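Undergrad: Here you go, query_28.cif (mmCIF, C-alpha atoms):
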```
data_start
loop_
_atom_site.label_atom_id
_atom_site.label_comp_id
_atom_site.auth_asym_id
_atom_site.auth_seq_id
_atom_site.Cartn_x
_atom_site.Cartn_y
_atom_site.Cartn_z
CA MET E 1 129.41 78.07 87.63
CA ALA E 2 127.47 74.88 86.89
CA ASP E 3 123.97 74.62 88.31
CA SER E 4 124.21 73.30 91.85
CA PRO E 5 120.88 72.17 93.30
CA ARG E 6 122.43 71.36 96.69
CA THR E 7 123.63 74.97 97.00
CA ILE E 8 120.23 76.27 95.94
CA GLU E 9 118.72 73.92 98.51
CA GLN E 10 120.84 75.44 101.26
CA LEU E 11 119.87 78.92 100.10
CA LEU E 12 116.18 78.00 100.24
CA ALA E 13 116.62 76.67 103.78
CA THR E 14 117.68 80.13 104.97
CA SER E 15 115.35 82.34 102.90
CA GLU E 16 111.75 83.42 103.36
CA PRO E 17 109.24 81.99 102.70
CA PHE E 18 111.08 78.77 101.78
CA LYS E 19 112.41 78.16 105.29
CA SER E 20 109.11 76.50 106.17
CA LEU E 21 109.50 73.78 103.52
CA GLY E 22 110.44 70.25 104.44
CA PRO E 23 113.63 68.74 102.97
CA ALA E 24 111.76 66.87 100.20
CA ASP E 25 109.93 69.97 98.97
CA ARG E 26 113.14 72.03 99.14
CA ARG E 27 115.01 69.41 97.12
CA SER E 28 112.26 69.28 94.53
CA LEU E 29 112.11 73.07 94.25
CA ALA E 30 115.88 73.34 94.03
CA SER E 31 116.07 70.82 91.20
CA ALA E 32 113.44 72.80 89.25
CA SER E 33 115.34 76.08 89.77
CA ARG E 34 118.31 77.54 87.94
CA GLU E 35 121.09 79.91 88.90
CA THR E 36 122.01 82.70 86.54
CA ARG E 37 124.93 85.12 86.78
CA TYR E 38 124.45 88.77 85.97
CA ALA E 39 127.19 91.32 85.46
CA LYS E 40 126.86 94.73 87.06
CA GLY E 41 124.27 96.75 85.14
CA GLU E 42 122.72 93.73 83.45
CA THR E 43 118.94 93.40 83.41
CA VAL E 44 117.46 90.40 85.21
CA PHE E 45 114.01 91.08 83.79
CA ARG E 46 112.06 94.06 82.44
CA GLU E 47 108.75 95.54 83.50
CA GLY E 48 106.03 93.99 81.40
CA ASP E 49 107.94 90.78 80.61
CA PRO E 50 105.92 87.59 81.17
CA ALA E 51 106.67 86.52 84.73
CA GLU E 52 108.12 83.04 84.42
CA ALA E 53 110.06 82.95 87.66
CA VAL E 54 110.13 84.05 91.26
CA CYS E 55 113.66 85.27 91.96
CA LEU E 56 115.96 84.82 94.93
CA VAL E 57 119.27 86.65 95.25
CA LYS E 58 122.07 84.20 95.99
CA GLU E 59 124.94 86.66 95.77
CA GLY E 60 125.26 90.33 95.08
CA ARG E 61 122.61 93.00 94.90
CA VAL E 62 119.63 93.57 92.61
CA HIS E 63 117.60 96.77 92.42
CA LEU E 64 113.94 96.86 91.45
CA MET E 65 113.43 99.99 89.40
CA LYS E 66 110.81 101.99 87.59
CA PHE E 67 111.97 103.97 84.60
CA LEU E 68 109.78 106.97 84.07
CA GLU E 69 109.11 109.03 80.97
CA GLY E 70 111.86 111.60 80.73
CA GLY E 71 114.51 109.07 81.71
CA GLN E 72 114.20 109.44 85.46
CA ALA E 73 114.77 106.23 87.39
CA SER E 74 113.28 105.34 90.74
CA THR E 75 114.50 102.41 92.84
CA THR E 76 111.67 100.81 94.76
CA CYS E 77 113.56 97.96 96.45
CA VAL E 78 117.12 96.85 97.10
CA MET E 79 117.47 93.06 97.21
CA THR E 80 120.51 91.32 98.66
CA GLY E 81 121.55 87.74 99.44
CA GLY E 82 118.58 85.66 100.64
CA ASP E 83 115.91 88.14 99.49
CA THR E 84 113.02 86.80 97.45
CA PHE E 85 111.38 89.12 94.96
CA CYS E 86 108.62 89.16 92.43
CA CYS E 87 106.35 86.62 94.06
CA LEU E 88 103.37 88.73 92.95
CA PRO E 89 103.14 87.25 89.46
CA ALA E 90 102.90 83.76 90.97
CA LEU E 91 99.61 84.90 92.47
CA ASP E 92 98.07 87.26 89.98
CA ARG E 93 99.61 85.90 86.75
CA GLN E 94 100.43 89.43 85.61
CA PRO E 95 103.76 90.47 84.08
CA TYR E 96 106.71 91.68 86.12
CA PRO E 97 105.77 95.02 87.72
CA ALA E 98 109.23 96.61 87.50
CA ASP E 99 112.71 96.21 86.02
CA ALA E 100 115.26 94.22 88.01
CA VAL E 101 118.86 95.29 87.45
CA ALA E 102 122.05 93.82 88.93
CA ALA E 103 123.65 96.66 90.89
CA VAL E 104 126.84 94.60 91.29
CA ASP E 105 127.93 91.25 89.82
CA SER E 106 125.18 88.98 91.12
CA VAL E 107 123.84 85.45 91.10
CA VAL E 108 120.07 85.04 91.01
CA VAL E 109 118.13 81.80 91.48
CA ARG E 110 115.06 81.59 89.27
CA ILE E 111 112.24 79.48 90.65
CA PRO E 112 109.50 78.65 88.12
CA THR E 113 106.34 80.56 88.90
CA SER E 114 104.32 77.38 88.42
CA ALA E 115 106.36 75.55 91.09
CA PHE E 116 105.88 78.42 93.57
CA HIS E 117 102.16 78.54 92.83
CA ASP E 118 101.88 74.78 93.24
CA LEU E 119 103.54 74.92 96.68
CA LEU E 120 101.15 77.64 97.81
CA GLN E 121 98.22 75.45 96.92
CA ARG E 122 99.37 72.23 98.58
CA ASN E 123 101.65 73.26 101.46
CA PRO E 124 99.75 75.05 104.27
CA ALA E 125 102.87 76.03 106.24
CA PHE E 126 104.39 77.61 103.12
CA LEU E 127 101.13 79.42 102.45
CA GLN E 128 101.08 80.84 106.00
CA ARG E 129 104.69 81.96 105.73
CA SER E 130 103.97 83.63 102.41
CA LEU E 131 100.99 85.39 103.97
CA CYS E 132 103.31 86.87 106.64
CA LEU E 133 105.83 87.91 103.99
CA PHE E 134 103.18 89.63 101.90
CA CYS E 135 101.69 91.31 104.96
CA GLU E 136 105.11 92.77 105.72
CA ARG E 137 105.65 93.85 102.10
CA LEU E 138 102.25 95.56 102.10
CA ARG E 139 103.23 97.45 105.24
CA GLN E 140 106.51 98.54 103.63
CA VAL E 141 104.71 99.83 100.55
CA GLU E 142 102.18 101.66 102.74
CA HIS E 143 105.00 103.23 104.71
CA ARG E 144 106.72 104.46 101.57
CA SER E 145 103.53 106.02 100.27
CA CYS E 146 103.63 108.88 102.76
CA ARG E 147 107.15 109.87 101.85
CA ILE E 148 106.01 112.05 98.99
CA TYR E 149 105.48 114.86 101.49
CA ASP E 150 108.75 114.36 103.28
CA SER E 151 111.67 116.70 102.75
CA VAL E 152 114.60 115.38 100.77
CA GLU E 153 116.66 115.29 103.96
CA ARG E 154 114.09 113.09 105.66
CA ARG E 155 113.73 110.79 102.65
CA LEU E 156 117.49 110.31 102.42
CA ALA E 157 117.73 109.68 106.16
CA GLN E 158 114.95 107.10 105.93
CA SER E 159 116.64 105.39 102.99
CA LEU E 160 119.94 105.22 104.87
CA LEU E 161 118.27 103.80 107.97
CA THR E 162 116.42 101.17 105.95
CA LEU E 163 119.61 100.19 104.16
CA SER E 164 121.55 99.98 107.43
CA LYS E 165 119.25 97.11 108.46
CA LYS E 166 120.58 95.16 105.48
CA PHE E 167 124.20 96.30 105.35
CA GLY E 168 125.09 97.54 108.81
CA ALA E 169 126.62 100.94 109.43
CA THR E 170 128.51 101.06 106.13
CA ILE E 171 126.20 101.16 103.14
CA PRO E 172 127.82 100.24 99.82
CA LEU E 173 125.60 102.30 97.55
CA THR E 174 126.76 105.13 95.33
CA LYS E 175 125.26 108.60 95.61
CA HIS E 176 123.52 107.96 92.31
CA GLU E 177 121.86 104.85 93.76
CA LEU E 178 120.87 106.70 96.94
CA ALA E 179 119.29 109.41 94.79
CA GLU E 180 117.23 106.85 92.86
CA LEU E 181 116.08 105.22 96.08
CA SER E 182 115.08 108.55 97.64
CA ASN E 183 113.36 110.00 94.55
CA THR E 184 115.70 112.94 94.22
CA THR E 185 118.62 114.10 92.09
CA VAL E 186 122.28 113.19 92.49
CA GLU E 187 123.17 116.86 93.03
CA THR E 188 120.69 117.18 95.91
CA THR E 189 121.91 113.92 97.41
CA ILE E 190 125.51 115.14 97.33
CA ARG E 191 124.48 118.41 98.97
CA VAL E 192 122.49 116.74 101.76
CA LEU E 193 125.15 114.10 102.46
CA SER E 194 127.75 116.88 102.70
CA GLN E 195 125.61 118.65 105.28
CA LEU E 196 125.20 115.44 107.28
CA LYS E 197 128.94 114.87 107.06
CA LYS E 198 129.61 118.35 108.46
CA GLN E 199 127.26 117.54 111.34
CA GLY E 200 129.24 114.37 112.02
CA ILE E 201 126.20 112.14 111.43
CA LEU E 202 127.90 110.17 108.68
CA LYS E 203 131.07 109.72 106.68
CA SER E 204 130.90 109.48 102.96
CA SER E 205 133.38 108.16 100.44
CA ARG E 206 133.27 107.04 96.85
CA GLY E 207 130.75 104.23 96.62
CA SER E 208 129.79 104.03 100.28
CA THR E 209 128.35 105.91 103.24
CA THR E 210 129.00 105.09 106.91
CA ILE E 211 126.53 106.12 109.59
CA THR E 212 128.46 107.37 112.61
CA LYS E 213 125.60 108.82 114.67
CA PRO E 214 122.59 106.53 114.14
CA GLU E 215 120.45 108.18 116.83
CA GLN E 216 120.72 111.58 115.17
CA LEU E 217 119.96 110.04 111.81
CA ARG E 218 116.87 108.37 113.28
CA HIS E 219 115.75 111.72 114.62
CA LEU E 220 116.19 113.30 111.20
CA ALA E 221 114.23 110.45 109.61
CA GLY E 222 111.35 111.01 112.01
CA ALA E 223 111.66 107.43 113.23
CA MET Y 1 71.84 87.24 107.25
CA GLN Y 2 75.55 87.82 107.64
CA THR Y 3 76.41 84.28 106.46
CA LYS Y 4 74.40 84.53 103.24
CA THR Y 5 75.70 88.04 102.56
CA LEU Y 6 79.32 87.05 103.08
CA LEU Y 7 79.06 83.88 100.99
CA ARG Y 8 78.36 86.12 97.98
CA ILE Y 9 81.76 87.80 98.45
CA PRO Y 10 84.46 86.12 96.32
CA VAL Y 11 87.05 85.74 99.09
CA PHE Y 12 84.59 83.69 101.16
CA GLN Y 13 83.12 81.64 98.35
CA GLY Y 14 83.84 77.95 98.68
CA LEU Y 15 83.71 78.06 102.46
CA ARG Y 16 81.03 75.80 103.87
CA ALA Y 17 78.23 77.82 105.40
CA ALA Y 18 78.92 76.19 108.78
CA ARG Y 19 82.59 77.16 108.61
CA LEU Y 20 81.74 80.73 107.66
CA GLY Y 21 79.20 80.82 110.47
CA ALA Y 22 81.90 79.79 112.95
CA LEU Y 23 84.20 82.48 111.57
CA ILE Y 24 81.67 85.25 112.10
CA ARG Y 25 80.15 83.97 115.33
CA ASP Y 26 81.45 86.99 117.24
CA ALA Y 27 81.26 89.35 114.29
CA GLU Y 28 79.23 92.55 114.28
CA THR Y 29 77.59 94.42 111.45
CA ARG Y 30 78.13 98.17 111.69
CA ARG Y 31 76.95 101.09 109.61
CA TYR Y 32 78.93 104.27 109.04
CA LYS Y 33 78.06 107.57 107.49
CA ARG Y 34 80.30 109.03 104.81
CA GLY Y 35 83.41 110.51 106.44
CA GLN Y 36 83.21 108.52 109.66
CA THR Y 37 86.30 106.68 110.86
CA ILE Y 38 85.91 102.93 111.09
CA PHE Y 39 89.32 102.21 112.58
CA GLN Y 40 92.20 104.53 113.36
CA GLN Y 41 95.83 104.37 112.31
CA GLY Y 42 97.91 103.54 115.36
CA GLU Y 43 95.13 101.80 117.30
CA ARG Y 44 95.60 98.20 118.34
CA ALA Y 45 94.71 96.07 115.31
CA ASP Y 46 92.23 93.61 116.77
CA ALA Y 47 89.75 93.14 113.94
CA VAL Y 48 89.47 92.62 110.23
CA TRP Y 49 86.69 94.49 108.44
CA VAL Y 50 84.65 93.21 105.53
CA VAL Y 51 83.04 95.82 103.32
CA VAL Y 52 79.52 94.68 102.48
CA LYS Y 53 78.21 97.94 101.07
CA GLY Y 54 79.85 101.21 100.08
CA TRP Y 55 83.46 102.27 99.89
CA VAL Y 56 86.11 102.53 102.55
CA HIS Y 57 89.26 104.59 102.01
CA LEU Y 58 92.47 103.39 103.62
CA VAL Y 59 94.08 106.65 104.69
CA ARG Y 60 97.60 106.90 106.00
CA CYS Y 61 99.20 109.90 107.70
CA PRO Y 62 102.98 110.28 107.95
CA SER Y 63 102.43 110.65 111.70
CA PRO Y 64 99.36 110.86 113.94
CA GLN Y 65 99.94 114.63 114.29
CA ASP Y 66 100.22 115.23 110.54
CA GLY Y 67 96.68 114.87 109.20
CA ALA Y 68 97.28 117.54 106.56
CA HIS Y 69 99.49 115.16 104.59
CA ALA Y 70 97.23 112.15 104.63
CA VAL Y 71 97.22 109.96 101.54
CA VAL Y 72 94.61 107.49 100.38
CA LEU Y 73 96.46 104.24 99.88
CA TYR Y 74 93.58 102.28 98.51
CA THR Y 75 89.80 102.27 98.29
CA ILE Y 76 88.03 99.10 99.39
CA THR Y 77 84.75 98.08 97.84
CA ARG Y 78 82.60 94.99 97.98
CA ARG Y 79 84.96 93.38 95.47
CA GLU Y 80 88.21 94.02 97.33
CA VAL Y 81 86.51 93.42 100.62
CA LEU Y 82 89.12 93.46 103.33
CA CYS Y 83 90.43 96.22 105.53
CA GLY Y 84 92.52 96.10 108.62
CA VAL Y 85 94.81 93.40 107.34
CA SER Y 86 97.32 94.72 109.89
CA ALA Y 87 95.27 92.62 112.32
CA LEU Y 88 96.72 89.50 110.77
CA GLU Y 89 100.01 90.28 112.46
CA PRO Y 90 100.19 91.46 116.08
CA GLY Y 91 100.46 95.23 116.14
CA ARG Y 92 98.60 98.35 115.21
CA TYR Y 93 96.60 99.49 112.24
CA THR Y 94 99.00 100.98 109.71
CA ALA Y 95 96.27 103.13 108.16
CA SER Y 96 92.82 104.42 109.09
CA GLY Y 97 89.65 103.13 107.48
CA VAL Y 98 87.34 106.02 106.59
CA ALA Y 99 83.89 105.59 105.03
CA GLY Y 100 84.01 107.10 101.53
CA THR Y 101 80.25 106.66 101.21
CA ASP Y 102 77.58 105.51 103.65
CA SER Y 103 78.89 102.00 104.29
CA THR Y 104 78.06 98.74 105.95
CA VAL Y 105 80.94 96.67 107.28
CA VAL Y 106 81.23 93.43 109.22
CA ARG Y 107 83.78 93.50 112.01
CA ILE Y 108 85.44 90.09 112.52
CA PRO Y 109 87.72 89.66 115.56
CA GLY Y 110 91.31 89.35 114.33
CA ALA Y 111 91.99 86.17 116.32
CA ASP Y 112 89.01 84.42 114.68
CA PHE Y 113 90.12 85.45 111.20
CA VAL Y 114 93.69 84.31 111.80
CA ALA Y 115 92.39 80.95 113.07
CA ALA Y 116 90.26 80.59 109.92
CA LEU Y 117 93.27 81.37 107.71
CA ARG Y 118 95.19 78.56 109.41
CA GLN Y 119 92.35 76.09 109.04
CA GLU Y 120 91.14 76.99 105.55
CA PRO Y 121 93.94 77.01 102.96
CA GLU Y 122 91.55 78.17 100.26
CA LEU Y 123 90.68 81.28 102.28
CA ALA Y 124 94.36 81.92 103.00
CA PHE Y 125 95.17 81.66 99.31
CA ARG Y 126 92.47 84.14 98.37
CA VAL Y 127 93.65 86.59 101.02
CA LEU Y 128 97.17 86.20 99.65
CA GLN Y 129 95.86 87.07 96.19
CA LEU Y 130 94.18 90.15 97.66
CA TYR Y 131 97.51 91.21 99.20
CA ALA Y 132 99.25 90.69 95.88
CA GLN Y 133 96.71 92.79 94.03
CA ARG Y 134 96.96 95.56 96.60
CA ILE Y 135 100.76 95.57 96.64
CA ARG Y 136 100.90 95.71 92.86
CA LEU Y 137 98.48 98.61 92.59
CA MET Y 138 100.17 100.55 95.35
CA ALA Y 139 103.60 99.92 93.87
CA GLU Y 140 102.33 101.24 90.52
CA HIS Y 141 100.97 104.26 92.29
CA LEU Y 142 104.30 104.78 94.06
CA GLY Y 143 106.11 104.55 90.74
CA GLY Y 144 104.02 107.47 89.56
CA MET Y 145 104.87 109.64 92.56
CA VAL Y 146 107.23 111.70 90.47
CA ASP Y 147 104.66 112.34 87.75
CA PRO Y 148 103.22 115.86 87.43
CA VAL Y 149 100.07 116.52 89.44
CA PRO Y 150 97.61 116.57 86.50
CA LYS Y 151 98.79 113.12 85.50
CA ARG Y 152 98.40 111.80 89.03
CA VAL Y 153 94.90 113.24 89.29
CA MET Y 154 93.92 111.75 85.96
CA ARG Y 155 95.31 108.37 87.03
CA SER Y 156 93.21 108.49 90.21
CA ILE Y 157 90.09 109.38 88.24
CA LEU Y 158 90.68 106.50 85.82
CA ARG Y 159 91.20 104.14 88.74
CA LEU Y 160 87.90 105.24 90.22
CA TYR Y 161 86.27 104.76 86.83
CA ARG Y 162 87.57 101.19 86.61
CA GLN Y 163 86.37 100.41 90.12
CA PHE Y 164 83.03 102.20 90.19
CA GLY Y 165 81.93 103.14 86.70
CA ALA Y 166 81.26 106.45 84.98
CA THR Y 167 79.83 108.32 87.96
CA VAL Y 168 81.75 108.45 91.19
CA LEU Y 169 81.11 110.24 94.44
CA VAL Y 170 84.39 111.91 95.30
CA THR Y 171 85.31 115.30 96.71
CA HIS Y 172 88.30 117.36 95.60
CA ARG Y 173 89.91 116.65 98.97
CA GLU Y 174 89.52 112.88 98.52
CA LEU Y 175 90.85 113.11 94.97
CA ALA Y 176 93.81 115.11 96.29
CA GLN Y 177 94.54 112.44 98.88
CA MET Y 178 94.33 109.70 96.25
CA SER Y 179 96.66 111.66 93.99
CA TRP Y 180 99.02 112.61 96.81
CA THR Y 181 98.70 116.30 96.20
CA THR Y 182 96.99 119.33 97.70
CA THR Y 183 93.28 120.04 97.40
CA GLU Y 184 94.02 123.25 95.51
CA SER Y 185 96.07 121.39 92.90
CA ALA Y 186 93.35 118.76 92.52
CA ILE Y 187 90.74 121.50 92.00
CA ARG Y 188 92.87 123.08 89.26
CA ALA Y 189 93.42 119.75 87.52
CA VAL Y 190 89.72 118.83 87.61
CA ARG Y 191 88.75 122.27 86.30
CA ARG Y 192 91.00 121.76 83.28
CA LEU Y 193 89.61 118.28 82.68
CA LYS Y 194 86.10 119.72 82.75
CA ARG Y 195 87.05 122.44 80.25
CA ARG Y 196 88.42 119.74 77.97
CA GLY Y 197 85.19 117.76 78.27
CA PHE Y 198 86.81 114.71 79.85
CA VAL Y 199 84.74 114.96 83.01
CA SER Y 200 81.78 116.84 84.33
CA GLY Y 201 80.29 117.11 87.76
CA THR Y 202 78.99 119.06 90.63
CA ARG Y 203 80.03 119.22 94.24
CA GLY Y 204 81.17 115.78 95.38
CA ARG Y 205 80.18 113.95 92.20
CA LEU Y 206 82.28 113.36 89.10
CA THR Y 207 81.13 111.90 85.79
CA ILE Y 208 83.84 110.51 83.55
CA LYS Y 209 82.68 111.29 80.01
CA GLN Y 210 85.65 110.33 77.85
CA PRO Y 211 87.55 107.54 79.61
CA ALA Y 212 89.10 106.26 76.37
CA ALA Y 213 90.49 109.70 75.51
CA MET Y 214 91.81 110.09 79.04
CA GLN Y 215 93.54 106.71 78.82
CA GLU Y 216 95.08 107.70 75.48
CA TRP Y 217 96.46 110.87 76.99
CA GLN Y 218 97.85 108.92 79.96
CA LYS Y 219 99.77 106.66 77.59
CA SER Y 220 100.91 109.52 75.36
CA GLY Y 221 103.76 110.59 77.64
CA ASN Y 222 102.59 114.17 77.40
CA ASP Y 223 102.92 115.86 80.77
CA HIS Y 224 100.63 118.78 80.04
CA LEU Y 225 96.89 118.49 80.05
CA PRO Y 226 95.41 119.09 76.58
#
```
With the file now loaded, output its structure as C-alpha cells.
TA:
Amino acid sequence: MADSPRTIEQLLATSEPFKSLGPADRRSLASASRETRYAKGETVFREGDPAEAVCLVKEGRVHLMKFLEGGQASTTCVMTGGDTFCCLPALDRQPYPADAVAAVDSVVVRIPTSAFHDLLQRNPAFLQRSLCLFCERLRQVEHRSCRIYDSVERRLAQSLLTLSKKFGATIPLTKHELAELSNTTVETTIRVLSQLKKQGILKSSRGSTTITKPEQLRHLAGA
Amino acid sequence: MQTKTLLRIPVFQGLRAARLGALIRDAETRRYKRGQTIFQQGERADAVWVVVKGWVHLVRCPSPQDGAHAVVLYTITRREVLCGVSALEPGRYTASGVAGTDSTVVRIPGADFVAALRQEPELAFRVLQLYAQRIRLMAEHLGGMVDPVPKRVMRSILRLYRQFGATVLVTHRELAQMSWTTTESAIRAVRRLKRRGFVSGTRGRLTIKQPAAMQEWQKSGNDHLP
C-alpha cells in the first residue's frame, strides 16, 4: 500500500493522545509519518534499538514482549488498532524498552520521535492529553506488579478480562499467547482453560477463547 | 522556606518564585518517622506529595486485606520527588506511601497541582518525564518477575546502590518487598551475598562492597549466586 497521509490523519483523529490536535498539526504529523506493513511474526523493533519512532497500530495486533534468558517470553502489552505505544523514548531518549512483534499481519504507523517531542513542547492540549495517557499507563503497570503473587488461575482470568475490553467476549489469542501474557506455560494454560470450560465459564477453540460467564470470570480474577 | 526548598528540586526549577508560591499556598510540610504511612492505598487521592528529605516507598497490596503480599513499586527520593500522582486523575491512591527513612514531605492539594500543570507547560513536561522514567523502571522490573529470587534481590540492591550510594538503610522485609519475594528468601539471598563478599551489613543497614562484580554477575546470565 502506498503511504497515505490522509488515512494516517484520520487514524490520528481517533487515537490517543493525538485526538487533541488541531487539523493543521494532525496534517503535519501525518505527512511526517510512514506506514509499514508487518507479516505475522515479524519484528517491528527490538529492545535496545535506538528509538526513532512512536508507533501507532493502524491494523492488526502487535505484542510488546520481553525475551528472558532461557528463552522464556513474556508479553507485557497487547496493542490493537488505534493504540499508541513506545512514547517513552520520546521523553527520556532511551532505547526501546521491549521487543514489538506483529502477532498477526499488521500495519503500523511510525511517527518520528522528534515530531512527537516537538508537539509536547509547543502544544499544551497535547501535553495534557499525554499526561493523562501516561498516568493511566503508570496505573496499569502498578496493577500488574502485584500479580506475581496471584495464582495462575487468577492471572489467566485477569488477562482474559483485560483482553475482553479490547476484543469483546471472543478473544482471538492462541493459548501460547495467553500463556506469555499471564507469565505461565502453555501446558498450564491449557489445563486451566479446560477447567474453566468444564465450569461453563468460557468456550475455547483453536486460536480463540469466548467468555460465556463474565461475572464468574470477574470473581475468579478478584475484580 | 518551602519556596526556596522546592525551587532546588529539578521538577520545579524554572518556575518563577511567585508562581511556585501560589502553587504551595495551601501546602503543608509534614514529618514522618521511618515506617509511618503518609497516604494509604484506596484512600481518596486529594494531594500530591513532594519528598524534600528522606525516602518514601510506594507500596502496593493486591487488595486492602492482603498486606502480606505487598510489593514496593518504587522508592521516591529528593531526586524523583513526586508521590501520589494518582491525585492527578480523580480517584483513589493506587499505592500507599510509606516512609522508608525519617522523611520530610510537602503536601500539595491535588486541585492546586492540577491547575499548575495546566498553566505551566514546563512543569507538565517535567512531570511527564517523571512518569516516563517511572513506567520504564517498573516495566523493567516487571520483565524480571520470572527471574530467580537471588537475581531479583541483587537487582534491587543494585538499584538502591544507584539511587543512594554504597550504604543503604534497608531491612530484609523491605528488600523482600522490592524484590517481590518473601522475607525468608531475601534473608537467604543476602546471606549468600555476604559470604561472597559482595555486601556487608548489620541489622537494617547494607553496604554494597563490590557493585561492579555484582553488575557483572547480573549480566552473565548465570542464575545461581556464585
Undergrad: Can you spell out as a PyMOL selection string the set of residues that the PyMOL selection byres ((chain Y and resi 5) around 12) selects in the structure I just provided?
TA: chain Y and resi 1-4+6-10+12-13+17+20-21+24+29+50-53+78+104-106
Undergrad: Would you mind listing, for every residue of chain Y within 9 Å of chain E, the two atoms forming the shortest contact and the distance between them in Å to one decimal, using only C-alpha atoms, sorted by chain and ascending residue number, as JSON lines?
TA:
```
{"residue": "Y:Arg60", "atom": "CA", "partner": "E:Cys146", "partner_atom": "CA", "distance": 7.1}
{"residue": "Y:Cys61", "atom": "CA", "partner": "E:Cys146", "partner_atom": "CA", "distance": 6.7}
{"residue": "Y:Pro62", "atom": "CA", "partner": "E:Cys146", "partner_atom": "CA", "distance": 5.4}
{"residue": "Y:Ser63", "atom": "CA", "partner": "E:Gly222", "partner_atom": "CA", "distance": 8.9}
{"residue": "Y:His69", "atom": "CA", "partner": "E:Tyr149", "partner_atom": "CA", "distance": 6.8}
{"residue": "Y:Ala70", "atom": "CA", "partner": "E:Cys146", "partner_atom": "CA", "distance": 7.4}
{"residue": "Y:Val71", "atom": "CA", "partner": "E:Cys146", "partner_atom": "CA", "distance": 6.6}
{"residue": "Y:Leu73", "atom": "CA", "partner": "E:Glu142", "partner_atom": "CA", "distance": 6.9}
{"residue": "Y:Val85", "atom": "CA", "partner": "E:Cys135", "partner_atom": "CA", "distance": 7.6}
{"residue": "Y:Ser86", "atom": "CA", "partner": "E:Cys135", "partner_atom": "CA", "distance": 7.4}
{"residue": "Y:Leu88", "atom": "CA", "partner": "E:Cys135", "partner_atom": "CA", "distance": 7.9}
{"residue": "Y:Glu89", "atom": "CA", "partner": "E:Cys132", "partner_atom": "CA", "distance": 7.5}
{"residue": "Y:Thr94", "atom": "CA", "partner": "E:Arg139", "partner_atom": "CA", "distance": 7.1}
{"residue": "Y:Ala95", "atom": "CA", "partner": "E:Glu142", "partner_atom": "CA", "distance": 8.2}
{"residue": "Y:Leu117", "atom": "CA", "partner": "E:Gln128", "partner_atom": "CA", "distance": 8.0}
{"residue": "Y:Arg118", "atom": "CA", "partner": "E:Gln128", "partner_atom": "CA", "distance": 7.2}
{"residue": "Y:Gln119", "atom": "CA", "partner": "E:Pro124", "partner_atom": "CA", "distance": 8.9}
{"residue": "Y:Glu120", "atom": "CA", "partner": "E:Pro124", "partner_atom": "CA", "distance": 8.9}
{"residue": "Y:Pro121", "atom": "CA", "partner": "E:Pro124", "partner_atom": "CA", "distance": 6.3}
{"residue": "Y:Glu122", "atom": "CA", "partner": "E:Gln121", "partner_atom": "CA", "distance": 7.9}
{"residue": "Y:Ala124", "atom": "CA", "partner": "E:Leu127", "partner_atom": "CA", "distance": 7.2}
{"residue": "Y:Phe125", "atom": "CA", "partner": "E:Leu127", "partner_atom": "CA", "distance": 7.1}
{"residue": "Y:Val127", "atom": "CA", "partner": "E:Leu131", "partner_atom": "CA", "distance": 8.0}
{"residue": "Y:Leu128", "atom": "CA", "partner": "E:Leu131", "partner_atom": "CA", "distance": 5.8}
{"residue": "Y:Gln129", "atom": "CA", "partner": "E:Leu91", "partner_atom": "CA", "distance": 5.7}
{"residue": "Y:Tyr131", "atom": "CA", "partner": "E:Phe134", "partner_atom": "CA", "distance": 6.5}
{"residue": "Y:Ala132", "atom": "CA", "partner": "E:Leu88", "partner_atom": "CA", "distance": 5.4}
{"residue": "Y:Gln133", "atom": "CA", "partner": "E:Asp92", "partner_atom": "CA", "distance": 7.0}
{"residue": "Y:Arg134", "atom": "CA", "partner": "E:Leu138", "partner_atom": "CA", "distance": 7.6}
{"residue": "Y:Ile135", "atom": "CA", "partner": "E:Leu138", "partner_atom": "CA", "distance": 5.7}
{"residue": "Y:Arg136", "atom": "CA", "partner": "E:Pro97", "partner_atom": "CA", "distance": 7.1}
{"residue": "Y:Met138", "atom": "CA", "partner": "E:Val141", "partner_atom": "CA", "distance": 6.9}
{"residue": "Y:Ala139", "atom": "CA", "partner": "E:Val141", "partner_atom": "CA", "distance": 6.8}
{"residue": "Y:Glu140", "atom": "CA", "partner": "E:Pro97", "partner_atom": "CA", "distance": 7.6}
{"residue": "Y:His141", "atom": "CA", "partner": "E:Ser145", "partner_atom": "CA", "distance": 8.6}
{"residue": "Y:Leu142", "atom": "CA", "partner": "E:Ser145", "partner_atom": "CA", "distance": 6.4}
{"residue": "Y:Gly143", "atom": "CA", "partner": "E:Lys66", "partner_atom": "CA", "distance": 6.2}
{"residue": "Y:Gly144", "atom": "CA", "partner": "E:Leu68", "partner_atom": "CA", "distance": 8.0}
{"residue": "Y:Met145", "atom": "CA", "partner": "E:Ile148", "partner_atom": "CA", "distance": 7.0}
{"residue": "Y:Val146", "atom": "CA", "partner": "E:Asn183", "partner_atom": "CA", "distance": 7.6}
{"residue": "Y:Asp147", "atom": "CA", "partner": "E:Leu68", "partner_atom": "CA", "distance": 8.3}
{"residue": "Y:Trp180", "atom": "CA", "partner": "E:Ile148", "partner_atom": "CA", "distance": 7.3}
{"residue": "Y:Thr181", "atom": "CA", "partner": "E:Tyr149", "partner_atom": "CA", "distance": 8.7}
{"residue": "Y:Gly221", "atom": "CA", "partner": "E:Glu69", "partner_atom": "CA", "distance": 6.5}
```
Undergrad: Convert the output of the PyMOL selection byres ((chain Y and resi 54) around 12) on the shown file into explicit residues, formatted as number ranges by chain.
TA: Y: 31-35, 50-53, 55-57, 75-81, 98-105, 163-164, 168-169
Undergrad: Report the distance between CA of Lys213 (chain E) and CA of Ala169 (chain E) in Å, rounded to one decimal place.
TA: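 CA of Ala169 (chain E) lies at a distance of 9.5 Å from CA of Lys213 (chain E).
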Undergrad: Could you name the residues that touch Thr185 (chain E) at 12 Å or less, counting only C-alpha atoms, but leaving out those on the same chain fewer than 2 positions away, as a list in words?
TA: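 Near Thr185 (chain E), the qualifying residues are Gln72, Ala73, Ser74, Val152, Leu156, Lys175, His176, Glu177, Leu178, Ala179, Glu180, Leu181, Ser182, Asn183, Glu187, Thr188, Thr189, Ile190, Arg191 and Val192 of chain E; Val146 of chain Y.
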Undergrad: Once the PyMOL selection byres ((chain E and resi 32-43) around 6) is applied to the coordinates I shared, what remains selected? I want it as number ranges by chain.
TA: E: 29-31, 44-45, 100-111
